[in-house]
$ cat target07.tsv   # TSV, C-alpha atoms
chain	number	residue	atom	x	y	z
Z	1	MET	CA	0.00	0.00	0.00
Z	2	LYS	CA	2.78	2.41	0.93
Z	3	ARG	CA	4.58	1.51	-2.28
Z	4	PHE	CA	1.44	2.37	-4.28
Z	5	GLN	CA	1.08	5.71	-2.48
Z	6	LEU	CA	4.72	6.60	-3.14
Z	7	LEU	CA	4.29	5.71	-6.80
Z	8	ALA	CA	1.19	7.92	-7.06
Z	9	ILE	CA	3.02	10.84	-5.44
Z	10	LEU	CA	5.91	10.38	-7.85
Z	11	VAL	CA	3.58	10.45	-10.86
Z	12	VAL	CA	1.95	13.68	-9.61
Z	13	CYS	CA	5.34	15.30	-9.02
Z	14	LEU	CA	6.63	14.32	-12.44
Z	15	SER	CA	3.44	15.66	-14.03
Z	16	GLY	CA	3.93	18.96	-12.22
Z	17	ILE	CA	7.52	19.20	-13.40
Z	18	TYR	CA	6.40	18.48	-16.96
Z	19	LEU	CA	3.75	21.18	-16.84
Z	20	LEU	CA	6.17	23.74	-15.46
Z	21	SER	CA	8.66	22.80	-18.15
Z	22	ALA	CA	5.99	23.18	-20.82
Z	23	CYS	CA	5.02	26.61	-19.53
Z	24	SER	CA	8.67	27.64	-19.44
Z	25	SER	CA	9.07	26.45	-23.04
Z	26	ILE	CA	6.05	28.50	-24.12
Z	27	VAL	CA	7.50	31.65	-22.56
Z	28	SER	CA	11.02	31.11	-23.92
Z	29	ASN	CA	9.54	30.73	-27.39
Z	30	GLY	CA	7.72	34.04	-27.01
Z	31	GLY	CA	4.22	32.62	-26.81
Z	32	VAL	CA	1.61	34.83	-25.14
Z	33	THR	CA	-1.20	32.27	-25.19
Z	34	ASP	CA	-0.40	31.06	-21.66
Z	35	ALA	CA	-1.53	34.19	-19.82
Z	36	ASN	CA	-0.98	32.58	-16.42
Z	37	VAL	CA	2.75	32.26	-17.07
Z	38	LEU	CA	3.04	35.95	-18.00
Z	39	LEU	CA	0.93	37.01	-15.03
Z	40	THR	CA	3.10	34.89	-12.73
Z	41	ALA	CA	6.23	36.50	-14.17
Z	42	GLN	CA	5.00	40.03	-13.57
Z	43	ALA	CA	3.61	39.18	-10.13
Z	44	ALA	CA	6.98	37.80	-9.07
Z	45	ASN	CA	8.87	40.90	-10.19
Z	46	PRO	CA	8.55	44.48	-8.99
Z	47	LEU	CA	8.00	47.12	-11.64
Z	48	PRO	CA	11.18	48.29	-13.37
Z	49	THR	CA	12.62	51.58	-12.10
Z	50	GLN	CA	11.42	53.44	-15.21
Z	51	LEU	CA	7.81	52.47	-14.42
Z	52	ALA	CA	7.75	52.43	-10.62
Z	53	ASN	CA	6.59	56.05	-10.10
Z	54	GLN	CA	4.03	56.23	-12.90
Z	55	ASN	CA	1.01	54.86	-10.97
Z	56	LEU	CA	0.47	52.12	-13.53
Z	57	ALA	CA	-2.01	49.29	-13.03
Z	58	ILE	CA	-0.51	45.84	-13.64
Z	59	VAL	CA	-2.89	43.95	-15.93
Z	60	LYS	CA	-3.10	40.91	-18.13
Z	61	THR	CA	-1.48	41.72	-21.47
Z	62	LYS	CA	-3.68	42.86	-24.33
Z	63	ALA	CA	-0.86	42.36	-26.83
Z	64	CYS	CA	-0.68	39.52	-29.34
Z	65	GLN	CA	2.37	37.83	-30.76
Z	66	VAL	CA	1.48	37.70	-34.45
Z	67	ASP	CA	4.70	36.37	-35.97
Z	68	LYS	CA	8.15	35.01	-35.15
Z	69	PHE	CA	11.28	34.79	-37.29
Z	70	VAL	CA	14.56	32.94	-36.76
Z	71	SER	CA	17.33	35.49	-36.13
Z	72	THR	CA	21.03	35.23	-36.89
Z	73	GLN	CA	22.97	35.11	-33.63
Z	74	VAL	CA	25.36	38.02	-33.17
Z	75	LYS	CA	28.80	37.86	-31.52
Z	76	ASN	CA	30.19	41.36	-32.17
Z	77	PRO	CA	28.48	44.75	-32.64
Z	78	GLN	CA	26.78	44.48	-36.01
Z	79	GLY	CA	24.38	47.42	-35.88
Z	80	ASP	CA	20.63	47.16	-36.41
Z	81	MET	CA	19.62	43.60	-37.30
Z	82	ILE	CA	15.93	44.51	-37.69
Z	83	SER	CA	14.52	47.63	-39.34
Z	84	TRP	CA	11.02	48.80	-40.29
Z	85	SER	CA	10.40	50.56	-43.58
Z	86	PRO	CA	9.56	54.25	-43.02
Z	87	THR	CA	6.63	53.96	-45.44
Z	88	GLY	CA	4.73	50.86	-44.29
Z	89	ASN	CA	4.55	47.77	-42.10
Z	90	THR	CA	7.45	46.07	-43.87
Z	91	LEU	CA	10.26	44.63	-41.75
Z	92	ALA	CA	13.83	43.82	-42.83
Z	93	TYR	CA	15.77	41.30	-40.75
Z	94	VAL	CA	18.75	38.94	-40.99
Z	95	THR	CA	18.01	35.23	-40.77
Z	96	PRO	CA	20.31	32.18	-40.98
Z	97	GLU	CA	20.87	30.85	-44.48
Z	98	ASN	CA	19.25	27.54	-43.51
Z	99	GLU	CA	16.40	29.42	-41.72
Z	100	LYS	CA	17.06	27.33	-38.58
Z	101	TRP	CA	20.32	28.29	-36.88
Z	102	GLY	CA	23.36	30.40	-37.71
Z	103	TRP	CA	25.99	32.79	-36.39
Z	104	PHE	CA	27.21	36.15	-37.54
Z	105	VAL	CA	25.94	36.34	-41.14
Z	106	GLY	CA	22.84	35.21	-43.03
Z	107	ASN	CA	20.21	36.26	-45.55
Z	108	LEU	CA	18.46	39.60	-45.63
Z	109	VAL	CA	14.68	39.07	-45.65
Z	110	ILE	CA	12.11	41.79	-46.26
Z	111	GLU	CA	8.57	40.85	-45.22
Z	112	ALA	CA	5.23	42.65	-45.28
Z	113	VAL	CA	4.17	41.84	-41.72
Z	114	ASP	CA	0.49	42.69	-42.10
Z	115	THR	CA	0.13	40.13	-44.93
Z	116	GLN	CA	3.02	37.88	-43.80
Z	117	LYS	CA	4.41	37.81	-47.35
Z	118	VAL	CA	8.12	37.87	-48.14
Z	119	VAL	CA	8.86	40.77	-50.48
Z	120	PHE	CA	12.55	39.98	-51.02
Z	121	THR	CA	15.34	37.73	-49.81
Z	122	THR	CA	19.01	37.80	-50.74
Z	123	GLN	CA	20.77	34.94	-52.47
Z	124	SER	CA	24.51	34.14	-52.31
Z	125	LEU	CA	25.27	37.08	-49.99
Z	126	GLU	CA	26.60	36.91	-46.42
Z	127	VAL	CA	24.67	39.78	-44.83
Z	128	ALA	CA	26.16	40.98	-41.53
Z	129	GLY	CA	23.58	43.62	-40.59
Z	130	ASP	CA	23.38	47.37	-39.86
Z	131	LEU	CA	20.18	47.66	-41.90
Z	132	ALA	CA	19.27	51.22	-42.95
Z	133	TRP	CA	16.27	52.26	-45.07
Z	134	SER	CA	16.34	55.39	-47.22
Z	135	PRO	CA	13.86	58.09	-46.03
Z	136	ASP	CA	11.42	57.33	-48.86
Z	137	GLY	CA	11.56	53.56	-48.28
Z	138	SER	CA	12.70	52.86	-51.84
Z	139	LYS	CA	16.12	51.48	-50.88
Z	140	ILE	CA	17.84	49.69	-48.03
Z	141	ALA	CA	21.56	49.58	-47.26
Z	142	PHE	CA	23.32	46.84	-45.28
Z	143	VAL	CA	26.77	45.47	-44.46
Z	144	VAL	CA	27.98	42.38	-46.33
Z	145	LEU	CA	30.97	40.09	-45.77
Z	146	ASP	CA	32.80	39.01	-48.93
Z	147	ALA	CA	33.44	35.35	-48.13
Z	148	LYS	CA	36.38	35.02	-50.53
Z	149	SER	CA	38.38	38.09	-49.52
Z	150	LYS	CA	37.12	38.09	-45.90
Z	151	THR	CA	36.53	41.81	-46.33
Z	152	TYR	CA	33.40	43.80	-45.52
Z	153	THR	CA	31.54	46.03	-47.93
Z	154	ILE	CA	28.14	47.77	-48.04
Z	155	ASP	CA	25.36	47.00	-50.53
Z	156	VAL	CA	22.32	49.09	-51.45
Z	157	LEU	CA	19.17	47.34	-52.65
Z	158	ASP	CA	16.58	49.13	-54.78
Z	159	ILE	CA	13.29	47.63	-53.60
Z	160	GLY	CA	11.40	48.29	-56.84
Z	161	THR	CA	13.96	46.95	-59.32
Z	162	GLU	CA	15.74	44.52	-56.95
Z	163	LYS	CA	19.04	45.82	-58.34
Z	164	MET	CA	22.03	45.92	-56.01
Z	165	GLN	CA	24.90	48.39	-55.78
Z	166	ASP	CA	28.21	47.59	-54.08
Z	167	VAL	CA	29.20	50.86	-52.38
Z	168	PHE	CA	32.92	50.10	-52.03
Z	169	GLY	CA	33.52	47.66	-54.89
Z	170	ASN	CA	37.25	47.07	-55.36
Z	171	LEU	CA	37.97	49.75	-52.71
Z	172	ALA	CA	36.55	47.59	-49.92
Z	173	SER	CA	39.96	46.76	-48.44
Z	174	THR	CA	40.58	49.85	-46.31
Z	175	ASP	CA	42.90	48.37	-43.67
Z	176	SER	CA	45.20	45.37	-43.27
Z	177	TRP	CA	42.48	43.15	-41.80
Z	178	SER	CA	38.78	42.60	-42.59
Z	179	SER	CA	37.99	46.33	-43.00
Z	180	PRO	CA	34.78	46.47	-40.88
Z	181	LYS	CA	32.05	48.77	-42.22
Z	182	GLY	CA	29.11	50.60	-40.66
Z	183	ILE	CA	26.24	52.83	-41.77
Z	184	ASP	CA	25.66	56.28	-40.24
Z	185	GLY	CA	22.38	56.75	-42.11
Z	186	TRP	CA	20.95	58.61	-45.09
Z	187	SER	CA	21.11	62.40	-45.47
Z	188	ASP	CA	18.44	62.12	-48.20
Z	189	SER	CA	16.99	59.34	-50.34
Z	190	ASN	CA	20.01	59.33	-52.67
Z	191	THR	CA	22.88	60.02	-50.26
Z	192	LEU	CA	24.21	57.33	-47.94
Z	193	LEU	CA	26.64	58.04	-45.09
Z	194	VAL	CA	28.96	55.15	-44.25
Z	195	ARG	CA	32.17	54.39	-42.37
Z	196	SER	CA	35.06	51.99	-42.67
Z	197	SER	CA	37.99	50.99	-40.51
Z	198	CYS	CA	41.27	52.41	-41.83
Z	199	ASP	CA	43.72	51.14	-39.17
Z	200	VAL	CA	43.91	49.97	-35.55
Z	201	ASP	CA	42.48	53.24	-34.20
Z	202	CYS	CA	41.24	54.83	-37.40
Z	203	SER	CA	37.71	55.24	-38.79
Z	204	ARG	CA	36.98	57.03	-42.04
Z	205	PRO	CA	33.60	58.47	-43.12
Z	206	TYR	CA	32.40	58.30	-46.72
Z	207	THR	CA	29.48	59.72	-48.67
Z	208	TYR	CA	27.91	57.58	-51.40
Z	209	ASN	CA	25.51	58.87	-54.06
Z	210	VAL	CA	23.27	56.09	-55.38
Z	211	GLN	CA	22.50	57.99	-58.60
Z	212	THR	CA	26.05	58.76	-59.66
Z	213	MET	CA	27.50	55.74	-57.77
Z	214	LYS	CA	30.26	58.05	-56.54
Z	215	LEU	CA	32.00	57.32	-53.24
Z	216	THR	CA	33.55	60.39	-51.59
Z	217	GLU	CA	36.14	59.97	-48.84
Z	218	GLY	CA	36.02	62.14	-45.70
Z	219	THR	CA	38.50	63.00	-42.96
Z	220	GLN	CA	39.52	60.12	-40.71
Z	221	THR	CA	38.69	60.07	-36.99
Z	222	ARG	CA	39.55	57.83	-34.05
Z	223	LYS	CA	37.45	54.68	-33.68
Z	224	ASN	CA	35.86	55.81	-30.43
Z	225	ALA	CA	34.06	58.48	-32.51
Z	226	ASP	CA	32.52	55.78	-34.73
Z	227	THR	CA	29.01	54.91	-33.51
Z	228	SER	CA	27.76	53.52	-36.82
Z	229	LEU	CA	27.32	49.97	-35.47
Z	230	THR	CA	25.49	51.04	-32.30
Z	231	VAL	CA	22.00	49.52	-32.09
Z	232	LYS	CA	19.32	52.22	-32.18
Z	233	ASN	CA	16.54	51.02	-29.88
Z	234	GLN	CA	13.06	52.57	-29.97
Z	235	ASP	CA	11.64	52.16	-26.48
Z	236	ASN	CA	8.82	54.62	-27.24
Z	237	SER	CA	6.34	54.11	-30.06
Z	238	ALA	CA	6.12	56.83	-32.70
Z	239	ASP	CA	2.66	57.89	-31.48
Z	240	SER	CA	4.05	58.20	-27.89
Z	241	ARG	CA	1.35	55.87	-26.59
Z	242	TRP	CA	3.55	52.88	-25.75
Z	243	LEU	CA	6.73	52.35	-23.75
Z	244	VAL	CA	8.82	49.16	-23.72
Z	245	VAL	CA	11.00	48.37	-20.69
Z	246	VAL	CA	13.10	45.25	-20.05
Z	247	ASP	CA	13.73	44.53	-16.36
Z	248	ILE	CA	16.75	42.91	-14.70
Z	249	ASN	CA	15.11	39.48	-14.97
Z	250	ASP	CA	14.72	39.81	-18.76
Z	251	ASN	CA	10.97	40.33	-18.62
Z	252	THR	CA	9.69	42.75	-21.28
Z	253	TRP	CA	7.00	45.17	-20.07
Z	254	LEU	CA	4.67	47.08	-22.39
Z	255	SER	CA	3.07	50.18	-20.88
Z	256	SER	CA	0.28	52.42	-22.15
Z	257	SER	CA	0.41	56.15	-21.40
Z	258	ILE	CA	-3.29	56.46	-22.28
Z	259	ASN	CA	-4.73	53.67	-20.12
Z	260	HIS	CA	-1.97	53.92	-17.49
Z	261	GLN	CA	-1.52	50.16	-17.56
Z	262	THR	CA	1.45	47.81	-17.90
Z	263	ALA	CA	1.93	44.09	-18.53
Z	264	VAL	CA	4.63	41.55	-19.29
Z	265	ILE	CA	4.51	40.47	-22.94
Z	266	LEU	CA	7.68	38.33	-23.02
Z	267	ALA	CA	9.09	36.61	-19.92
Z	268	GLY	CA	12.65	35.53	-19.12
Z	269	THR	CA	14.04	36.26	-22.57
Z	270	PRO	CA	16.99	38.66	-23.10
Z	271	VAL	CA	16.06	41.30	-25.69
Z	272	ASN	CA	18.82	42.84	-27.82
Z	273	GLU	CA	16.82	45.18	-30.04
Z	274	ILE	CA	13.49	47.03	-29.88
Z	275	LYS	CA	11.84	48.54	-32.96
Z	276	TRP	CA	8.38	50.04	-33.58
Z	277	SER	CA	6.73	50.22	-36.99
Z	278	THR	CA	6.24	53.76	-38.27
Z	279	ASP	CA	2.51	53.82	-37.50
Z	280	SER	CA	3.02	52.15	-34.06
Z	281	SER	CA	0.79	49.20	-35.02
Z	282	TYR	CA	3.58	46.62	-34.63
Z	283	LEU	CA	6.44	46.05	-32.19
Z	284	ALA	CA	9.50	43.95	-33.10
Z	285	LEU	CA	11.77	42.49	-30.42
Z	286	ARG	CA	15.03	40.76	-31.37
Z	287	ALA	CA	16.34	38.14	-28.95
Z	288	ASP	CA	19.41	35.92	-29.37
Z	289	GLU	CA	17.77	33.46	-31.75
Z	290	ALA	CA	14.44	34.96	-32.77
Z	291	VAL	CA	12.54	38.10	-33.74
Z	292	TYR	CA	9.10	38.41	-32.11
Z	293	ILE	CA	6.39	40.57	-33.69
Z	294	TYR	CA	3.55	41.95	-31.56
Z	295	GLU	CA	0.40	43.97	-31.98
Z	296	PRO	CA	0.22	46.14	-28.85
Z	297	VAL	CA	-3.53	45.52	-28.76
Z	298	CYS	CA	-4.90	42.34	-30.32
Z	299	LYS	CA	-6.98	43.01	-33.43
Z	300	LYS	CA	-8.56	39.57	-33.33

$ encode --input "target07.tsv" --output "structure tokens"
Amino acid sequence: MKRFQLLAILVVCLSGIYLLSACSSIVSNGGVTDANVLLTAQAANPLPTQLANQNLAIVKTKACQVDKFVSTQVKNPQGDMISWSPTGNTLAYVTPENEKWGWFVGNLVIEAVDTQKVVFTTQSLEVAGDLAWSPDGSKIAFVVLDAKSKTYTIDVLDIGTEKMQDVFGNLASTDSWSSPKGIDGWSDSNTLLVRSSCDVDCSRPYTYNVQTMKLTEGTQTRKNADTSLTVKNQDNSADSRWLVVVDINDNTWLSSSINHQTAVILAGTPVNEIKWSTDSSYLALRADEAVYIYEPVCKK
């Protein structure tokens, strides 16, 4: 009899462990369907410092995870690995070539998130990141590693024609090593501002005109003045309604300035990059191995 009771207790305990493991798996994969797990995560953690004095009500999340992409894992600073088009709900991101797992470089994918249709994906390129859309959304620039020469360059893709321009071409070797590159941004829809390493403590700015395909060299600076590969997070949505905060336990909180409410939307997952779509209808979070896409308020 005692043996039977012990066996029954063991079965119950193992079932409990299995359920906890399943819940943990759901959270680590970014799922928001198990509301109890998210509520438990936020109940077990005090509000982050940025939210503590805002008199926010802690509620069950109203956000929905609407998509998830596999993300290339990053070892060194590689700039923005996700980027929304300035003219629509189109997201560019870097995914492993095999779409399952990969380090450092991968394919550039451009997807219309609202229809979940891939607009473009690169072939035979090792894209390293630092994605930068032109102001009119007609082009996107990104850093590429030339696998043969082991030297970095920068490509510009015309979205409409799918034609590619190599910004540096045969001038890509700018130091004695791999010549790392970065993108400072666009001054207008035809003028790209980029940087390249030129020595151990040397960074050189360049201006590239996509119409004339002319690369103009600027005056070199020290590398500590080069911020081109710094990730540009967008904690606040463009409409100023939403604020994203990640606490010390890697829980991601989404707060509304209108309803004065906050909730955990992703629990126990380190977030490396935060980006809002231009119209604030979508939020993209890049973790180590995945990009999670949310609607701040479920439409369904």

$ axis_aligned_box --input "target07.tsv" --around "stretch 277-296 of chain Z" --padding-each-side "4 Å" --output "AutoDock Vina command-line options"
--center_x 9.8 --center_y 43.6 --center_z -33.6 --size_x 27.2 --size_y 28.4 --size_z 17.4

$ atom_distance --input "target07.tsv" --atom1 "atom CA of Z:Gly218" --atom2 "atom CA of Z:Trp186"
15.5 Å

$ atom_distance --input "target07.tsv" --atom1 "atom CA of Z:Thr90" --atom2 "atom CA of Z:Thr212"
27.5 Å

$ closest_residue --input "target07.tsv" --among "Z:Leu192, Z:Ala263, Z:Cys202, Z:Val245" --to "Z:Thr49" --atoms "all atoms listed in the file"
Z:Val245

$ closest_residue --input "target07.tsv" --among "Z:Gln42, Z:Gln73, Z:Thr87, Z:Ser138" --to "Z:Val59" --atoms "only C-alpha atoms"
Z:Gln42

$ closest_residue --input "target07.tsv" --among "Z:Ala112, Z:Val210, Z:Leu193, Z:Ile58" --to "Z:Ala44" --atoms "all atoms listed in the file"
Z:Ile58

$ atom_distance --input "target07.tsv" --atom1 "atom CA of Z:Thr122" --atom2 "atom CA of Z:Ser173"
22.9 Å

$ closest_residue --input "target07.tsv" --among "Z:Asn107, Z:Ser240, Z:Ser71, Z:Ser255" --to "Z:Pro296" --atoms "all atoms listed in the file"
Z:Ser255

$ closest_atom_pairs --input "target07.tsv" --of "stretch 167-238 of chain Z" --to "stretch 146-163 of chain Z" --cutoff "6 Å" --atoms "only C-alpha atoms" --output "CSV"
residue,atom,partner,partner_atom,distance
Z:Val167,CA,Z:Ile154,CA,5.4
Z:Phe168,CA,Z:Thr153,CA,5.9
Z:Ala172,CA,Z:Thr153,CA,5.6
Z:Ser178,CA,Z:Thr151,CA,4.4
Z:Ser179,CA,Z:Thr151,CA,5.8
Z:Pro180,CA,Z:Tyr152,CA,5.5

$ closest_residue --input "target07.tsv" --among "Z:Leu145, Z:Leu47, Z:Ala52, Z:Val66" --to "Z:Lys300" --atoms "all atoms listed in the file"
Z:Val66

$ residues_around --input "target07.tsv" --residues "Z:Thr40" --least-positions-apart "4" --cutoff "10 Å" --atoms "all atoms listed in the file" --output "compact mmCIF listing (two decimals) with C-alpha atoms, in the frame of the given file"
# COMPACT_ATOMS: atom_id res chain seq x y z
CA ALA Z 35 -1.53 34.19 -19.82
CA ASN Z 36 -0.98 32.58 -16.42
CA ALA Z 44 6.98 37.80 -9.07
CA ASN Z 45 8.87 40.90 -10.19
CA VAL Z 264 4.63 41.55 -19.29
CA ALA Z 267 9.09 36.61 -19.92

$ closest_atom_pairs --input "target07.tsv" --of "stretch 170-274 of chain Z" --to "stretch 129-135 of chain Z" --cutoff "10 Å" --atoms "all atoms listed in the file" --output "tab-separated table"
residue	atom	partner	partner_atom	distance
Z:Lys181	CA	Z:Asp130	CA	9.1
Z:Gly182	CA	Z:Asp130	CA	6.6
Z:Ile183	CA	Z:Asp130	CA	6.5
Z:Asp184	CA	Z:Ala132	CA	8.6
Z:Gly185	CA	Z:Ala132	CA	6.4
Z:Trp186	CA	Z:Ser134	CA	6.0
Z:Ser187	CA	Z:Pro135	CA	8.5
Z:Asp188	CA	Z:Pro135	CA	6.5
Z:Ser189	CA	Z:Ser134	CA	5.1
Z:Asn190	CA	Z:Ser134	CA	7.7
Z:Thr191	CA	Z:Ser134	CA	8.6
Z:Leu192	CA	Z:Ser134	CA	8.1
Z:Ser228	CA	Z:Asp130	CA	8.1
Z:Leu229	CA	Z:Asp130	CA	6.4
Z:Thr230	CA	Z:Asp130	CA	8.7
Z:Val231	CA	Z:Asp130	CA	8.2
Z:Lys232	CA	Z:Asp130	CA	9.9

$ write_last_selection --input "target07.tsv" --atoms "C-alpha atoms" --output "CSV table (one decimal), in the frame of the given file"
chain,number,residue,atom,x,y,z
Z,181,LYS,CA,32.0,48.8,-42.2
Z,182,GLY,CA,29.1,50.6,-40.7
Z,183,ILE,CA,26.2,52.8,-41.8
Z,184,ASP,CA,25.7,56.3,-40.2
Z,185,GLY,CA,22.4,56.8,-42.1
Z,186,TRP,CA,21.0,58.6,-45.1
Z,187,SER,CA,21.1,62.4,-45.5
Z,188,ASP,CA,18.4,62.1,-48.2
Z,189,SER,CA,17.0,59.3,-50.3
Z,190,ASN,CA,20.0,59.3,-52.7
Z,191,THR,CA,22.9,60.0,-50.3
Z,192,LEU,CA,24.2,57.3,-47.9
Z,228,SER,CA,27.8,53.5,-36.8
Z,229,LEU,CA,27.3,50.0,-35.5
Z,230,THR,CA,25.5,51.0,-32.3
Z,231,VAL,CA,22.0,49.5,-32.1
Z,232,LYS,CA,19.3,52.2,-32.2

$ closest_residue --input "target07.tsv" --among "Z:Ile110, Z:Leu215, Z:Ile140, Z:Ile258" --to "Z:Asn170" --atoms "all atoms listed in the file"
Z:Leu215

$ residues_around --input "target07.tsv" --residues "Z:Lys223" --least-positions-apart "3" --cutoff "8 Å" --atoms "all atoms listed in the file" --output "ChimeraX atom specification"
/Z:197,201-203,226

$ residues_around --input "target07.tsv" --residues "Z:Phe104" --least-positions-apart "2" --cutoff "7 Å" --atoms "only C-alpha atoms" --output "PyMOL selection string"
chain Z and resi 72-75+102+128

$ write_last_selection --input "target07.tsv" --atoms "C-alpha atoms" --output "PDB file, in the coordinates of the input"
ATOM      1  CA  THR Z  72      21.030  35.230 -36.890  1.00  0.00           C
ATOM      2  CA  GLN Z  73      22.970  35.110 -33.630  1.00  0.00           C
ATOM      3  CA  VAL Z  74      25.360  38.020 -33.170  1.00  0.00           C
ATOM      4  CA  LYS Z  75      28.800  37.860 -31.520  1.00  0.00           C
ATOM      5  CA  GLY Z 102      23.360  30.400 -37.710  1.00  0.00           C
ATOM      6  CA  ALA Z 128      26.160  40.980 -41.530  1.00  0.00           C
TER       7      ALA Z 128
END

$ residues_around --input "target07.tsv" --residues "Z:Asn259" --least-positions-apart "5" --cutoff "10 Å" --atoms "all atoms listed in the file" --output "list of chain:residue names"
Z:Leu56, Z:Ala57, Z:Arg241

$ residues_near_point --input "target07.tsv" --point "(34.1, 58.8, -46.7)" --cutoff "8 Å" --atoms "all atoms listed in the file" --output "list in words"
Leu193, Val194, Arg195, Ser196, Arg204, Pro205, Tyr206, Thr207, Tyr208, Leu215, Thr216, Glu217, Gly218 and Thr219 of chain Z

$ write_last_selection --input "target07.tsv" --atoms "C-alpha atoms" --output "CSV table (one decimal), in the frame of the given file"
chain,number,residue,atom,x,y,z
Z,193,LEU,CA,26.6,58.0,-45.1
Z,194,VAL,CA,29.0,55.2,-44.2
Z,195,ARG,CA,32.2,54.4,-42.4
Z,196,SER,CA,35.1,52.0,-42.7
Z,204,ARG,CA,37.0,57.0,-42.0
Z,205,PRO,CA,33.6,58.5,-43.1
Z,206,TYR,CA,32.4,58.3,-46.7
Z,207,THR,CA,29.5,59.7,-48.7
Z,208,TYR,CA,27.9,57.6,-51.4
Z,215,LEU,CA,32.0,57.3,-53.2
Z,216,THR,CA,33.6,60.4,-51.6
Z,217,GLU,CA,36.1,60.0,-48.8
Z,218,GLY,CA,36.0,62.1,-45.7
Z,219,THR,CA,38.5,63.0,-43.0

$ residues_near_point --input "target07.tsv" --point "(1.8, 47.5, -35.8)" --cutoff "9 Å" --atoms "all atoms listed in the file" --output "list in words"
Asn89, Val113, Asp114, Trp276, Ser277, Thr278, Asp279, Ser280, Ser281, Tyr282, Leu283, Ala284, Ile293, Tyr294, Glu295 and Pro296 of chain Z

$ write_last_selection --input "target07.tsv" --atoms "C-alpha atoms" --output "JSON list (two decimals), keeping the file's coordinate frame"
[["chain", "number", "residue", "atom", "x", "y", "z"],
["Z", 89, "ASN", "CA", 4.55, 47.77, -42.10],
["Z", 113, "VAL", "CA", 4.17, 41.84, -41.72],
["Z", 114, "ASP", "CA", 0.49, 42.69, -42.10],
["Z", 276, "TRP", "CA", 8.38, 50.04, -33.58],
["Z", 277, "SER", "CA", 6.73, 50.22, -36.99],
["Z", 278, "THR", "CA", 6.24, 53.76, -38.27],
["Z", 279, "ASP", "CA", 2.51, 53.82, -37.50],
["Z", 280, "SER", "CA", 3.02, 52.15, -34.06],
["Z", 281, "SER", "CA", 0.79, 49.20, -35.02],
["Z", 282, "TYR", "CA", 3.58, 46.62, -34.63],
["Z", 283, "LEU", "CA", 6.44, 46.05, -32.19],
["Z", 284, "ALA", "CA", 9.50, 43.95, -33.10],
["Z", 293, "ILE", "CA", 6.39, 40.57, -33.69],
["Z", 294, "TYR", "CA", 3.55, 41.95, -31.56],
["Z", 295, "GLU", "CA", 0.40, 43.97, -31.98],
["Z", 296, "PRO", "CA", 0.22, 46.14, -28.85]]

$ decode --input "target07.tsv" --residues "stretch 219-230 of chain Z" --atoms "N, CA and C atoms" --output "PDB file, in the first residue's frame"
ATOM      1  N   THR Z 219      37.326  62.919 -43.834  1.00  0.00           N
ATOM      2  CA  THR Z 219      38.495  63.000 -42.962  1.00  0.00           C
ATOM      3  C   THR Z 219      38.425  61.945 -41.866  1.00  0.00           C
ATOM      4  N   GLN Z 220      39.503  61.210 -41.686  1.00  0.00           N
ATOM      5  CA  GLN Z 220      39.517  60.122 -40.707  1.00  0.00           C
ATOM      6  C   GLN Z 220      39.380  60.634 -39.278  1.00  0.00           C
ATOM      7  N   THR Z 221      38.823  59.781 -38.421  1.00  0.00           N
ATOM      8  CA  THR Z 221      38.686  60.067 -36.991  1.00  0.00           C
ATOM      9  C   THR Z 221      39.184  58.857 -36.208  1.00  0.00           C
ATOM     10  N   ARG Z 222      39.219  58.979 -34.882  1.00  0.00           N
ATOM     11  CA  ARG Z 222      39.549  57.828 -34.053  1.00  0.00           C
ATOM     12  C   ARG Z 222      38.332  56.916 -33.954  1.00  0.00           C
ATOM     13  N   LYS Z 223      38.551  55.649 -33.675  1.00  0.00           N
ATOM     14  CA  LYS Z 223      37.451  54.682 -33.680  1.00  0.00           C
ATOM     15  C   LYS Z 223      36.433  54.922 -32.583  1.00  0.00           C
ATOM     16  N   ASN Z 224      36.841  55.568 -31.489  1.00  0.00           N
ATOM     17  CA  ASN Z 224      35.856  55.814 -30.431  1.00  0.00           C
ATOM     18  C   ASN Z 224      34.817  56.846 -30.845  1.00  0.00           C
ATOM     19  N   ALA Z 225      35.049  57.530 -31.978  1.00  0.00           N
ATOM     20  CA  ALA Z 225      34.059  58.477 -32.511  1.00  0.00           C
ATOM     21  C   ALA Z 225      33.105  57.806 -33.498  1.00  0.00           C
ATOM     22  N   ASP Z 226      33.344  56.528 -33.772  1.00  0.00           N
ATOM     23  CA  ASP Z 226      32.523  55.785 -34.732  1.00  0.00           C
ATOM     24  C   ASP Z 226      31.400  55.057 -33.993  1.00  0.00           C
ATOM     25  N   THR Z 227      30.177  55.531 -34.160  1.00  0.00           N
ATOM     26  CA  THR Z 227      29.008  54.906 -33.514  1.00  0.00           C
ATOM     27  C   THR Z 227      28.085  54.252 -34.540  1.00  0.00           C
ATOM     28  N   SER Z 228      28.604  54.007 -35.731  1.00  0.00           N
ATOM     29  CA  SER Z 228      27.756  53.520 -36.822  1.00  0.00           C
ATOM     30  C   SER Z 228      27.158  52.144 -36.548  1.00  0.00           C
ATOM     31  N   LEU Z 229      27.821  51.315 -35.745  1.00  0.00           N
ATOM     32  CA  LEU Z 229      27.317  49.974 -35.469  1.00  0.00           C
ATOM     33  C   LEU Z 229      26.578  49.880 -34.130  1.00  0.00           C
ATOM     34  N   THR Z 230      26.256  51.024 -33.538  1.00  0.00           N
ATOM     35  CA  THR Z 230      25.488  51.044 -32.301  1.00  0.00           C
ATOM     36  C   THR Z 230      24.009  50.777 -32.605  1.00  0.00           C
TER      37      THR Z 230
END
